[in-house]
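What follows is one structure encoded as structure tokens, with my remarks underneath.
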Amino acid sequence: MTTIIDPQLADRAATRKTLLGTGIGNAVEWYDWAIYATFTPFIASQLFSKADPASAVLATLAIFAVGFVARPVGGFLFGWIGDRVGRKTSMTLAVGLASLGSLMIGVAPSFATIGVWASLMLLVARLIQGLAHGGELPSSQTYLSEVAPKEKRGLWATLIYTSGTVGILAGTLLGAILNMTLSTEAMNDWGWRVPFLVGAAMGLYALIMRSKLHETEAFEGETASEKRAPIWPQIVKHRKQALQVIGLTVGLTVIYYIWGVVAPSYAATTLKIDRGETLWASVIANIVFIAALPVWGKLSDRIGRKKVLWAGAAGSAVMHFPMTWLLKDSAWQLAVAMSVMLIFIAASAAIVPAVYAELFPTSIRTIGVGVPYSICVAVFGGTAPYLQTWLGALGLANVFNVYAVVLLLVSALFVFTIPETKGKDLTH
């Protein structure tokens with residue numbers, strides 16, 4: 001007896017498989033960075049000397065920034081793999097390496113046990129994760145953009161920040177639960193390690209899921225000569241697009257790290273708001289962010305990418321100072337301020353994965369996005385938490401806020417330099 005398979009059901013199953021495989025790996029990356037920022041005080045107390053707690057926190061944040069240094073190298077390495085060997089291979093290797101980094105942090109001996117070697121192990125783990133994460137986003141967003149229907153690419157692109165935010169929420173919720181159920185002694189002793197071990201397990205599962213995905217038609221449609229074409233001449237040829245990626249990213253990466261990642265930790269350590277309450281405020285705000293993403297994504301498929309990008313950059317710039325002034329001494333202020341900012345941040349975040357992919361041809365799409373994006377995130381996003389903490393300690397918090405708004409205005413100006421790419425065919 002012949003079994004008849006409904007083509008529509010098969011397509012839906014393939015779509016679910018693609019979205020799950022792409023999304024869970026991306027969630028692991030964001031989860032890694034979120035739990036590091038959330039558990040900074042515990043990492044500082046366990047993997048650095050306790051003689052000077054303030055210096056230990058700054059050193060921990062410095063390693064957070066150092067992890068970004070490896071991103072451009074990862075962007076080039078995994079970008080080359082993505083454009084030469086395949087998007088699927090690049091995605092699978094990246095999430096495997098990220099899982100290894102999480103495992104190293106989770107099992108790292110304390111400073112009291114092995115001294116400075118504990119700090120060094122943390123540094124190596126963050127460099128490994130930086131390398132992997134430098135390749136994760138360009139590989140996954142290129143893959144997703146190429147498999148998405150061109151008339152819905154803006155909506156599909158929202159999976160990148162949606163899955164990433166789910167990863168952040170998972171880390172934040174786990175942090176809140178551990179904070180409520182474990183004593184301070186237990187948290188300092190072993191509780192802070194749990195999120196990193198969970199991240200390692202999630203990464204292993206994502207690796208298995210991605211190994212089962214199919215390669216994109218756009219990549220498979222390239223000829224052998226196109227795949228072997230020298231990379232550097234193509235990078236030079238598309239330097240304008242690379243600069244546009246940097247320009248569009250610079251404001252988004254800083255404002256997102258301020259409000260989407262570091263705000264709860266900043267509120268707890270600098271503003272002295274209860275740590276558990278700040279985590280729950282972050283959960284509320286990130287749910288708002290997830291709800292806003294598909295709205296902006298669908299809108300970009302209807303009215304175009306440029307209008308949505310401009311609204312996101314300009315809106316974030318206008319609201320940054322008012323929301324900063326609102327945030328003073330309570331968790332509800334944090335929840336409102338984060339929610340308002342993340343609604344505007346969502347406009348750009350929702351569609352930049354599609355915009356980046358639409359700027360480059362198939363032969364250089366992964367590395368063309370990966371290298372400039374990673375450089376920008378390393379230079380500006382990676383240093384944002386440290387600059388915010390350092391300038392705040394010097395009483396110069398407003399200097400940092402002006403810096404963030406200026407970068408948002410730079411991104412708004414760069415929107416006018418790109419062509420409208422809504423509905424572009426990515427097979428060429």
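Just remember, in the structure tokens the first chain shown is A, the second B, etc., residues are 1-based per chain, and ligands are 1-based in the order shown.
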> Counting only C-alpha atoms, what is within 7 Å of stretch 138-142 of chain A, bar same-chain residues fewer than 5 positions away, as a VMD selection string?
Replying inline: chain A and resid 22 79 82 87 90 to 91 160 353 357 365 to 366 369 to 370
> Could you pull the residues within 7 Å of A:Gly297, counting only C-alpha atoms, minus those fewer than 3 positions along the same chain, as a VMD selection string?
Replying inline: chain A and resid 154 to 155 158 293 to 294 300 to 301 350 to 351
Restrict the selected residues to C-alpha atoms and save them as a CSV table (one decimal), in the first residue's frame.
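Everything below was put into part_39.csv:
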chain,number,residue,atom,x,y,z
A,154,GLY,CA,10.8,40.7,7.2
A,155,LEU,CA,8.5,38.6,9.4
A,158,THR,CA,12.2,38.5,13.6
A,293,LEU,CA,9.1,42.2,17.0
A,294,PRO,CA,6.6,40.5,14.6
A,300,SER,CA,8.5,46.2,6.9
A,301,ASP,CA,7.1,43.6,4.5
A,350,ALA,CA,13.2,42.8,14.0
A,351,ILE,CA,14.4,43.3,10.4
>> Give me, as a PyMOL selection string, all polymer residues having an atom no more than 12 Å from A:Leu137, counting only C-alpha atoms and skipping those fewer than 6 positions away in the same chain.
In response: chain A and resi 22-23+25-30+71-72+74-75+78-79+82+87+90-92+94-95+130-131+143-145+157+159-161+163-164+352-354+356-357+366-367+369-371+373-374+377
> For A:Val336, which residue among A:Ile208, A:Leu127, A:Met319, A:Ala349 is the nearest when counting only C-alpha atoms?
Replying inline: A:Met319
>> Using only C-alpha atoms, which protein or nucleic acid residues come within 10 Å of stretch 381-383 of chain A? Drop anything in the same chain fewer than 5 positions from it, and give the result as a list in words.
In response: Leu61, Ala62, Ile63, Phe64, Ala65, Val66, Gly67, Phe68, Val69, Arg71, Thr249, Val250, Gly251, Leu252, Thr253, Val254, Ile255, Tyr256, Tyr257, Ile258, Ser374, Ile375, Cys376 and Gln388 of chain A
Which residues come within 7 Å of A:Ala412, counting only C-alpha atoms, excluding same-chain residues fewer than 3 positions away, as an mmCIF file with C-alpha atoms, in the first residue's frame?
data_model
loop_
_atom_site.group_PDB
_atom_site.id
_atom_site.type_symbol
_atom_site.label_atom_id
_atom_site.label_comp_id
_atom_site.auth_asym_id
_atom_site.auth_seq_id
_atom_site.Cartn_x
_atom_site.Cartn_y
_atom_site.Cartn_z
ATOM 1 C CA TRP A 310 14.425 55.000 10.741
ATOM 2 C CA ALA A 313 16.662 54.562 15.537
ATOM 3 C CA ALA A 314 14.935 57.935 15.897
ATOM 4 C CA LEU A 408 21.664 56.139 17.396
ATOM 5 C CA LEU A 409 21.614 59.279 15.264
ATOM 6 C CA VAL A 415 19.336 54.353 6.828
#
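Distances here use only C-alpha atoms; by that measure, the residue among A:Val261, A:Thr89, A:Leu197, A:Leu342 closest to A:Ser211 is A:Thr89.
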